Amino acid sequence: MLGLRRLLAVSGHLSGCRAPAVSPASAASSHSAFFVRALQILAQPGPVRIHKLSAPDAGIVELRLERPEAKNAIGKGMLQGLRSAIEEVEADATAKVVLVASSVPKVFCAGADLKERRLMGPAEVWDFVNSLRSTFSSIEALSIPTIAVVEGAAFGGGLELALSCDLRICGKDAKFSLPETGLAIIPGAGGTQRLPRIVGRSKAKELIFTGRRFDAAEAVTMGVVNYCVPAGEAYQKALELAQEINQKGPLAIKMAKKAINQGAEVDMTSALAIEEECYEQVLQTQDRLEGLAAFAEKRKPVYTGK
């Protein structure tokens, strides 16, 4: 409603200015046409859309990038859309798995919106990149699994977005790169940290120093992606993985993710202590008892997340 009020204000419908005298019929027609147009503008999809799947896939949430005119380049609008979407997922107790995909054919995300970036001063660029880094860290910090679905280009910030997800699936036509050094900057949204943790320091240095592109076959060999499938089939493979995960105990999945992520950042003794803590969290749950009962009764368990 606030957006509609702003549209009205801009048009003069809520201003104190007097409009030219018109007949009542003309005025009604004008007002009606304006409200229709205002609602059409407000109804237009933003650059990021959330779609919750229904039964039997309830619990799977799609986060879709939809900025075809810019190949999903990340500008201010896309960044705000990502932040809002993440906040919505965090607040949704029914969400169990997130698929991060593109609705734009043959492109996942082309990276930063360089046309918009050229109009920013250094301070504004600094704030934008810090916000983008924080946003990708929020994706990584989600308690539920995230799966990036990559078809086509994943360059710069697009690859960094994919790297912030737990799993990555790509089509064989996917292309990847962190080209920032060619622009005299560095990957600033997590690329210098997440990539070496996945492919190792030496390989990450090569890819970042040269900024070269690599294809889907090399991506799967290096471990950048979990699976490479025929072009156009990445979403289906990601959905199958999400469906498998969705059948497991949701609290167990959350604790497994926490144990792996936190344990990887500390020494083995501390990591095992984290595992112990996480195991304790699932020990007294109804789901654990349901799992044992389902096994004994030779049926599928029905988990409630309690």
# chains A, B, ... in the order shown; residues from 1 in each chain; ligands from 1
call {"tool": "closest_atom_pairs", "arguments": {"of": "range 169-221 of chain A", "to": "range 150-158 of chain A", "cutoff": "8 Å", "atoms": "only C-alpha atoms", "output": "JSON lines"}}
result
{"residue": "A:Ile169", "atom": "CA", "partner": "A:Val150", "partner_atom": "CA", "distance": 6.1}
{"residue": "A:Cys170", "atom": "CA", "partner": "A:Val150", "partner_atom": "CA", "distance": 4.5}
{"residue": "A:Gly171", "atom": "CA", "partner": "A:Glu151", "partner_atom": "CA", "distance": 5.2}
{"residue": "A:Lys172", "atom": "CA", "partner": "A:Glu151", "partner_atom": "CA", "distance": 8.0}
{"residue": "A:Asp173", "atom": "CA", "partner": "A:Gly152", "partner_atom": "CA", "distance": 5.8}
{"residue": "A:Ala174", "atom": "CA", "partner": "A:Gly152", "partner_atom": "CA", "distance": 4.1}
{"residue": "A:Lys175", "atom": "CA", "partner": "A:Ala153", "partner_atom": "CA", "distance": 4.9}
{"residue": "A:Phe176", "atom": "CA", "partner": "A:Ala154", "partner_atom": "CA", "distance": 5.0}
{"residue": "A:Ser177", "atom": "CA", "partner": "A:Phe155", "partner_atom": "CA", "distance": 4.9}
{"residue": "A:Leu178", "atom": "CA", "partner": "A:Gly156", "partner_atom": "CA", "distance": 4.5}
{"residue": "A:Pro179", "atom": "CA", "partner": "A:Gly156", "partner_atom": "CA", "distance": 6.1}
{"residue": "A:Glu180", "atom": "CA", "partner": "A:Gly156", "partner_atom": "CA", "distance": 6.7}
{"residue": "A:Pro187", "atom": "CA", "partner": "A:Gly156", "partner_atom": "CA", "distance": 6.9}
{"residue": "A:Ala189", "atom": "CA", "partner": "A:Gly157", "partner_atom": "CA", "distance": 6.7}
call {"tool": "write_last_selection", "arguments": {"atoms": "C-alpha atoms", "output": "short mmCIF file (atom, residue, chain, number, x, y, z; two decimals), in the first residue's frame"}}
result
data_model
loop_
_atom_site.label_atom_id
_atom_site.label_comp_id
_atom_site.auth_asym_id
_atom_site.auth_seq_id
_atom_site.Cartn_x
_atom_site.Cartn_y
_atom_site.Cartn_z
CA ILE A 169 24.30 -28.58 -9.86
CA CYS A 170 25.10 -27.44 -13.40
CA GLY A 171 24.20 -28.20 -16.98
CA LYS A 172 27.01 -29.20 -19.34
CA ASP A 173 26.84 -25.79 -21.07
CA ALA A 174 27.57 -23.89 -17.84
CA LYS A 175 30.53 -21.50 -17.78
CA PHE A 176 32.24 -20.15 -14.68
CA SER A 177 34.79 -17.46 -13.84
CA LEU A 178 35.94 -14.92 -11.30
CA PRO A 179 37.17 -12.24 -13.74
CA GLU A 180 37.59 -9.38 -11.27
CA PRO A 187 36.37 -10.98 -5.91
CA ALA A 189 31.68 -11.19 -2.12
#
call {"tool": "select_by_dssp", "arguments": {"residues": "range 220-268 of chain A", "states": "helix (DSSP H, G or I)", "output": "VMD selection string"}}
result
chain A and resid 220 to 222 234 to 246 250 to 263 268
call {"tool": "write_last_selection", "arguments": {"atoms": "N, CA, C and O atoms", "output": "compact mmCIF listing (two decimals), in the first residue's frame"}}
result
# COMPACT_ATOMS: atom_id res chain seq x y z
N VAL A 220 33.16 -29.81 -12.31
CA VAL A 220 32.85 -31.02 -11.54
C VAL A 220 34.12 -31.74 -11.12
O VAL A 220 34.19 -32.33 -10.03
N THR A 221 35.15 -31.71 -11.97
CA THR A 221 36.43 -32.34 -11.62
C THR A 221 37.07 -31.66 -10.43
O THR A 221 37.62 -32.33 -9.54
N MET A 222 36.98 -30.34 -10.38
CA MET A 222 37.57 -29.59 -9.27
C MET A 222 36.72 -29.64 -8.01
O MET A 222 37.18 -29.26 -6.93
N ALA A 234 19.61 -29.38 -15.17
CA ALA A 234 20.16 -29.10 -13.84
C ALA A 234 19.06 -28.93 -12.80
O ALA A 234 19.18 -29.41 -11.67
N TYR A 235 17.97 -28.26 -13.19
CA TYR A 235 16.90 -28.05 -12.23
C TYR A 235 16.30 -29.38 -11.78
O TYR A 235 16.04 -29.59 -10.59
N GLN A 236 16.08 -30.29 -12.72
CA GLN A 236 15.47 -31.58 -12.37
C GLN A 236 16.38 -32.36 -11.42
O GLN A 236 15.90 -32.97 -10.46
N LYS A 237 17.68 -32.33 -11.68
CA LYS A 237 18.62 -33.02 -10.78
C LYS A 237 18.62 -32.38 -9.41
O LYS A 237 18.62 -33.08 -8.38
N ALA A 238 18.60 -31.06 -9.36
CA ALA A 238 18.58 -30.36 -8.07
C ALA A 238 17.30 -30.66 -7.32
O ALA A 238 17.30 -30.86 -6.10
N LEU A 239 16.18 -30.72 -8.05
CA LEU A 239 14.91 -31.03 -7.41
C LEU A 239 14.93 -32.44 -6.83
O LEU A 239 14.42 -32.66 -5.73
N GLU A 240 15.52 -33.38 -7.54
CA GLU A 240 15.61 -34.76 -7.02
C GLU A 240 16.42 -34.80 -5.74
O GLU A 240 16.03 -35.51 -4.78
N LEU A 241 17.51 -34.06 -5.69
CA LEU A 241 18.30 -33.99 -4.45
C LEU A 241 17.49 -33.36 -3.33
O LEU A 241 17.51 -33.83 -2.18
N ALA A 242 16.80 -32.28 -3.66
CA ALA A 242 15.97 -31.60 -2.66
C ALA A 242 14.89 -32.53 -2.13
O ALA A 242 14.58 -32.53 -0.93
N GLN A 243 14.30 -33.32 -3.01
CA GLN A 243 13.27 -34.27 -2.58
C GLN A 243 13.83 -35.33 -1.64
O GLN A 243 13.19 -35.71 -0.67
N GLU A 244 15.05 -35.79 -1.93
CA GLU A 244 15.70 -36.75 -1.03
C GLU A 244 15.93 -36.14 0.34
O GLU A 244 15.64 -36.76 1.37
N ILE A 245 16.47 -34.93 0.34
CA ILE A 245 16.75 -34.24 1.61
C ILE A 245 15.47 -33.98 2.37
O ILE A 245 15.40 -34.12 3.60
N ASN A 246 14.42 -33.63 1.64
CA ASN A 246 13.14 -33.27 2.25
C ASN A 246 12.50 -34.43 3.00
O ASN A 246 11.65 -34.22 3.86
N PRO A 250 14.20 -33.14 9.52
CA PRO A 250 14.64 -31.76 9.32
C PRO A 250 15.59 -31.24 10.40
O PRO A 250 16.52 -30.48 10.09
N LEU A 251 15.38 -31.64 11.64
CA LEU A 251 16.30 -31.21 12.69
C LEU A 251 17.67 -31.85 12.51
O LEU A 251 18.70 -31.22 12.75
N ALA A 252 17.68 -33.11 12.08
CA ALA A 252 18.95 -33.79 11.83
C ALA A 252 19.72 -33.12 10.70
O ALA A 252 20.95 -32.95 10.77
N ILE A 253 19.01 -32.70 9.65
CA ILE A 253 19.66 -32.01 8.54
C ILE A 253 20.28 -30.70 9.01
O ILE A 253 21.42 -30.36 8.66
N LYS A 254 19.54 -29.96 9.81
CA LYS A 254 20.06 -28.70 10.33
C LYS A 254 21.30 -28.91 11.19
O LYS A 254 22.30 -28.18 11.07
N MET A 255 21.25 -29.91 12.07
CA MET A 255 22.39 -30.17 12.94
C MET A 255 23.59 -30.71 12.17
O MET A 255 24.74 -30.42 12.49
N ALA A 256 23.33 -31.50 11.12
CA ALA A 256 24.42 -32.00 10.29
C ALA A 256 25.12 -30.85 9.58
O ALA A 256 26.36 -30.79 9.53
N LYS A 257 24.34 -29.91 9.05
CA LYS A 257 24.92 -28.75 8.39
C LYS A 257 25.73 -27.92 9.37
O LYS A 257 26.85 -27.49 9.05
N LYS A 258 25.19 -27.71 10.56
CA LYS A 258 25.90 -26.92 11.57
C LYS A 258 27.20 -27.59 11.96
O LYS A 258 28.25 -26.93 12.07
N ALA A 259 27.17 -28.89 12.17
CA ALA A 259 28.37 -29.62 12.59
C ALA A 259 29.45 -29.56 11.51
O ALA A 259 30.63 -29.34 11.81
N ILE A 260 29.06 -29.74 10.25
CA ILE A 260 30.03 -29.70 9.16
C ILE A 260 30.61 -28.31 9.00
O ILE A 260 31.84 -28.13 8.93
N ASN A 261 29.75 -27.30 8.92
CA ASN A 261 30.22 -25.92 8.67
C ASN A 261 31.10 -25.40 9.80
O ASN A 261 32.17 -24.84 9.56
N GLN A 262 30.64 -25.56 11.03
CA GLN A 262 31.40 -25.04 12.15
C GLN A 262 32.64 -25.88 12.43
O GLN A 262 33.71 -25.35 12.76
N GLY A 263 32.51 -27.18 12.27
CA GLY A 263 33.65 -28.06 12.52
C GLY A 263 34.79 -27.86 11.55
O GLY A 263 35.96 -28.04 11.89
N MET A 268 40.48 -30.47 15.15
CA MET A 268 39.69 -31.69 15.25
C MET A 268 39.04 -31.86 16.62
O MET A 268 37.87 -32.25 16.72
call {"tool": "residues_around", "arguments": {"residues": "Val98 in chain A", "least_positions_apart": "3", "cutoff": "6 Å", "atoms": "only C-alpha atoms", "output": "list in words"}}
result
Ile60, Val61, Glu62 and Thr146 of chain A
call {"tool": "residues_around", "arguments": {"residues": "Ile50 in chain A", "least_positions_apart": "6", "cutoff": "9 Å", "atoms": "only C-alpha atoms", "output": "PyMOL selection string"}}
result
chain A and resi 61-64+85+88-89
call {"tool": "write_last_selection", "arguments": {"atoms": "all heavy atoms", "output": "PDB file, in the first residue's frame"}}
result
ATOM      1  N   VAL A  61      11.665 -24.739  -1.310  1.00  0.00           N
ATOM      2  CA  VAL A  61      11.436 -23.344  -1.687  1.00  0.00           C
ATOM      3  C   VAL A  61      12.372 -22.971  -2.829  1.00  0.00           C
ATOM      4  O   VAL A  61      13.575 -23.243  -2.775  1.00  0.00           O
ATOM      5  CB  VAL A  61      11.676 -22.395  -0.490  1.00  0.00           C
ATOM      6  CG1 VAL A  61      11.459 -20.946  -0.898  1.00  0.00           C
ATOM      7  CG2 VAL A  61      10.776 -22.766   0.671  1.00  0.00           C
ATOM      8  N   GLU A  62      11.823 -22.358  -3.859  1.00  0.00           N
ATOM      9  CA  GLU A  62      12.631 -21.874  -4.968  1.00  0.00           C
ATOM     10  C   GLU A  62      12.873 -20.377  -4.809  1.00  0.00           C
ATOM     11  O   GLU A  62      11.944 -19.618  -4.562  1.00  0.00           O
ATOM     12  CB  GLU A  62      11.925 -22.116  -6.306  1.00  0.00           C
ATOM     13  CG  GLU A  62      11.778 -23.571  -6.690  1.00  0.00           C
ATOM     14  CD  GLU A  62      11.087 -23.725  -8.030  1.00  0.00           C
ATOM     15  OE1 GLU A  62      10.755 -22.700  -8.673  1.00  0.00           O
ATOM     16  OE2 GLU A  62      10.860 -24.879  -8.431  1.00  0.00           O
ATOM     17  N   LEU A  63      14.122 -19.991  -4.982  1.00  0.00           N
ATOM     18  CA  LEU A  63      14.491 -18.579  -5.021  1.00  0.00           C
ATOM     19  C   LEU A  63      14.993 -18.327  -6.436  1.00  0.00           C
ATOM     20  O   LEU A  63      16.058 -18.820  -6.814  1.00  0.00           O
ATOM     21  CB  LEU A  63      15.580 -18.292  -3.980  1.00  0.00           C
ATOM     22  CG  LEU A  63      15.970 -16.844  -3.689  1.00  0.00           C
ATOM     23  CD1 LEU A  63      16.682 -16.760  -2.333  1.00  0.00           C
ATOM     24  CD2 LEU A  63      16.891 -16.289  -4.766  1.00  0.00           C
ATOM     25  N   ARG A  64      14.215 -17.608  -7.231  1.00  0.00           N
ATOM     26  CA  ARG A  64      14.515 -17.457  -8.654  1.00  0.00           C
ATOM     27  C   ARG A  64      14.974 -16.038  -9.006  1.00  0.00           C
ATOM     28  O   ARG A  64      14.366 -15.056  -8.591  1.00  0.00           O
ATOM     29  CB  ARG A  64      13.304 -17.819  -9.508  1.00  0.00           C
ATOM     30  CG  ARG A  64      13.058 -19.324  -9.544  1.00  0.00           C
ATOM     31  CD  ARG A  64      12.097 -19.723 -10.642  1.00  0.00           C
ATOM     32  NE  ARG A  64      12.125 -21.166 -10.854  1.00  0.00           N
ATOM     33  CZ  ARG A  64      12.938 -21.776 -11.694  1.00  0.00           C
ATOM     34  NH1 ARG A  64      13.780 -21.073 -12.419  1.00  0.00           N
ATOM     35  NH2 ARG A  64      12.906 -23.096 -11.828  1.00  0.00           N
ATOM     36  N   ALA A  85      14.417 -11.892   0.172  1.00  0.00           N
ATOM     37  CA  ALA A  85      14.089 -13.307  -0.005  1.00  0.00           C
ATOM     38  C   ALA A  85      14.705 -14.158   1.102  1.00  0.00           C
ATOM     39  O   ALA A  85      14.056 -15.068   1.645  1.00  0.00           O
ATOM     40  CB  ALA A  85      14.567 -13.790  -1.368  1.00  0.00           C
ATOM     41  N   GLU A  88      12.805 -13.752   4.253  1.00  0.00           N
ATOM     42  CA  GLU A  88      11.536 -14.482   4.187  1.00  0.00           C
ATOM     43  C   GLU A  88      11.747 -15.971   4.440  1.00  0.00           C
ATOM     44  O   GLU A  88      10.978 -16.601   5.161  1.00  0.00           O
ATOM     45  CB  GLU A  88      10.887 -14.257   2.821  1.00  0.00           C
ATOM     46  CG  GLU A  88       9.496 -14.876   2.704  1.00  0.00           C
ATOM     47  CD  GLU A  88       8.785 -14.503   1.417  1.00  0.00           C
ATOM     48  OE1 GLU A  88       9.102 -13.439   0.850  1.00  0.00           O
ATOM     49  OE2 GLU A  88       7.911 -15.276   0.974  1.00  0.00           O
ATOM     50  N   VAL A  89      12.809 -16.522   3.867  1.00  0.00           N
ATOM     51  CA  VAL A  89      13.111 -17.943   4.081  1.00  0.00           C
ATOM     52  C   VAL A  89      13.466 -18.201   5.546  1.00  0.00           C
ATOM     53  O   VAL A  89      13.024 -19.190   6.147  1.00  0.00           O
ATOM     54  CB  VAL A  89      14.262 -18.400   3.158  1.00  0.00           C
ATOM     55  CG1 VAL A  89      14.724 -19.811   3.537  1.00  0.00           C
ATOM     56  CG2 VAL A  89      13.818 -18.372   1.706  1.00  0.00           C
TER      57      VAL A  89
END
call {"tool": "select_by_dssp", "arguments": {"residues": "range 12-208 of chain A", "states": "strand (DSSP E or B)", "output": "PyMOL selection string"}}
result
chain A and resi 48-52+60-65+74+97-102+107-109+112+146-150+153-155+167-171+175-177
call {"tool": "write_last_selection", "arguments": {"atoms": "N, CA and C atoms", "output": "CSV table (one decimal), in the first residue's frame"}}
result
chain,number,residue,atom,x,y,z
A,48,VAL,N,13.9,-10.8,-8.0
A,48,VAL,CA,14.0,-12.1,-7.2
A,48,VAL,C,12.7,-12.5,-6.8
A,49,ARG,N,12.3,-13.8,-7.1
A,49,ARG,CA,11.0,-14.3,-6.8
A,49,ARG,C,11.1,-15.6,-5.9
A,50,ILE,N,10.2,-15.7,-5.0
A,50,ILE,CA,10.2,-16.9,-4.1
A,50,ILE,C,8.9,-17.7,-4.5
A,51,HIS,N,9.1,-19.0,-4.7
A,51,HIS,CA,8.0,-19.9,-5.0
A,51,HIS,C,8.1,-21.1,-4.1
A,52,LYS,N,7.1,-21.4,-3.3
A,52,LYS,CA,7.0,-22.5,-2.4
A,52,LYS,C,6.3,-23.7,-3.1
A,60,ILE,N,10.1,-27.5,0.1
A,60,ILE,CA,11.1,-27.0,-0.9
A,60,ILE,C,10.7,-25.6,-1.4
A,61,VAL,N,11.7,-24.7,-1.3
A,61,VAL,CA,11.4,-23.3,-1.7
A,61,VAL,C,12.4,-23.0,-2.8
A,62,GLU,N,11.8,-22.4,-3.9
A,62,GLU,CA,12.6,-21.9,-5.0
A,62,GLU,C,12.9,-20.4,-4.8
A,63,LEU,N,14.1,-20.0,-5.0
A,63,LEU,CA,14.5,-18.6,-5.0
A,63,LEU,C,15.0,-18.3,-6.4
A,64,ARG,N,14.2,-17.6,-7.2
A,64,ARG,CA,14.5,-17.5,-8.7
A,64,ARG,C,15.0,-16.0,-9.0
A,65,LEU,N,16.1,-16.0,-9.8
A,65,LEU,CA,16.6,-14.7,-10.3
A,65,LEU,C,15.9,-14.4,-11.6
A,74,ILE,N,23.8,-8.3,-10.9
A,74,ILE,CA,23.4,-7.9,-9.6
A,74,ILE,C,23.6,-6.4,-9.4
A,97,VAL,N,14.4,-26.9,2.4
A,97,VAL,CA,15.5,-26.9,1.3
A,97,VAL,C,15.2,-25.7,0.4
A,98,VAL,N,16.3,-25.0,0.0
A,98,VAL,CA,16.2,-23.9,-0.9
A,98,VAL,C,16.9,-24.2,-2.2
A,99,LEU,N,16.2,-24.0,-3.3
A,99,LEU,CA,16.8,-24.0,-4.6
A,99,LEU,C,17.0,-22.6,-5.1
A,100,VAL,N,18.3,-22.3,-5.5
A,100,VAL,CA,18.6,-21.0,-6.0
A,100,VAL,C,18.8,-21.1,-7.5
A,101,ALA,N,17.9,-20.6,-8.3
A,101,ALA,CA,17.9,-20.9,-9.8
A,101,ALA,C,17.6,-19.6,-10.5
A,102,SER,N,17.7,-19.7,-11.8
A,102,SER,CA,17.5,-18.6,-12.7
A,102,SER,C,16.3,-18.9,-13.6
A,107,VAL,N,21.5,-18.5,-18.6
A,107,VAL,CA,22.3,-17.7,-17.7
A,107,VAL,C,21.9,-17.9,-16.3
A,108,PHE,N,22.8,-18.1,-15.4
A,108,PHE,CA,22.5,-18.1,-14.0
A,108,PHE,C,22.6,-16.7,-13.4
A,109,CYS,N,23.8,-16.1,-13.5
A,109,CYS,CA,24.0,-14.7,-13.1
A,109,CYS,C,25.3,-14.2,-13.7
A,112,ALA,N,28.2,-8.7,-11.3
A,112,ALA,CA,27.8,-7.3,-10.9
A,112,ALA,C,27.3,-6.5,-12.1
A,146,THR,N,21.0,-25.4,1.0
A,146,THR,CA,20.7,-24.6,-0.2
A,146,THR,C,21.4,-25.2,-1.4
A,147,ILE,N,20.7,-25.2,-2.6
A,147,ILE,CA,21.3,-25.8,-3.8
A,147,ILE,C,21.2,-24.8,-4.9
A,148,ALA,N,22.4,-24.5,-5.5
A,148,ALA,CA,22.4,-23.6,-6.6
A,148,ALA,C,22.2,-24.4,-7.9
A,149,VAL,N,21.4,-23.9,-8.8
A,149,VAL,CA,21.0,-24.6,-10.1
A,149,VAL,C,21.6,-23.7,-11.2
A,150,VAL,N,22.7,-24.2,-11.8
A,150,VAL,CA,23.5,-23.3,-12.7
A,150,VAL,C,23.3,-23.8,-14.1
A,153,ALA,N,25.9,-19.0,-17.8
A,153,ALA,CA,27.0,-18.2,-17.2
A,153,ALA,C,26.8,-18.0,-15.7
A,154,ALA,N,27.9,-18.2,-15.0
A,154,ALA,CA,28.0,-17.9,-13.6
A,154,ALA,C,29.3,-17.2,-13.4
A,155,PHE,N,29.3,-15.9,-13.6
A,155,PHE,CA,30.5,-15.1,-13.6
A,155,PHE,C,30.6,-14.2,-12.4
A,167,LEU,N,25.3,-26.9,-2.0
A,167,LEU,CA,25.5,-27.8,-3.1
A,167,LEU,C,25.3,-27.0,-4.4
A,168,ARG,N,25.9,-27.5,-5.5
A,168,ARG,CA,25.8,-26.8,-6.8
A,168,ARG,C,25.6,-27.9,-7.9
A,169,ILE,N,24.6,-27.7,-8.7
A,169,ILE,CA,24.3,-28.6,-9.9
A,169,ILE,C,24.4,-27.7,-11.1
A,170,CYS,N,25.0,-28.2,-12.2
A,170,CYS,CA,25.1,-27.4,-13.4
A,170,CYS,C,24.8,-28.3,-14.6
A,171,GLY,N,24.4,-27.6,-15.7
A,171,GLY,CA,24.2,-28.2,-17.0
A,171,GLY,C,25.5,-28.2,-17.7
A,175,LYS,N,29.2,-22.1,-17.7
A,175,LYS,CA,30.5,-21.5,-17.8
A,175,LYS,C,30.7,-20.7,-16.5
A,176,PHE,N,31.9,-20.8,-16.0
A,176,PHE,CA,32.2,-20.2,-14.7
A,176,PHE,C,33.5,-19.3,-14.8
A,177,SER,N,33.6,-18.2,-14.0
A,177,SER,CA,34.8,-17.5,-13.8
A,177,SER,C,34.7,-16.4,-12.7
call {"tool": "atom_distance", "arguments": {"atom1": "CA of Gly46 in chain A", "atom2": "CA of Pro105 in chain A"}}
result
17.1 Å
call {"tool": "closest_residue", "arguments": {"among": "A:Gly200, A:Pro56, A:Gly182, A:Gly111", "to": "Gln247 in chain A", "atoms": "only C-alpha atoms"}}
result
A:Pro56
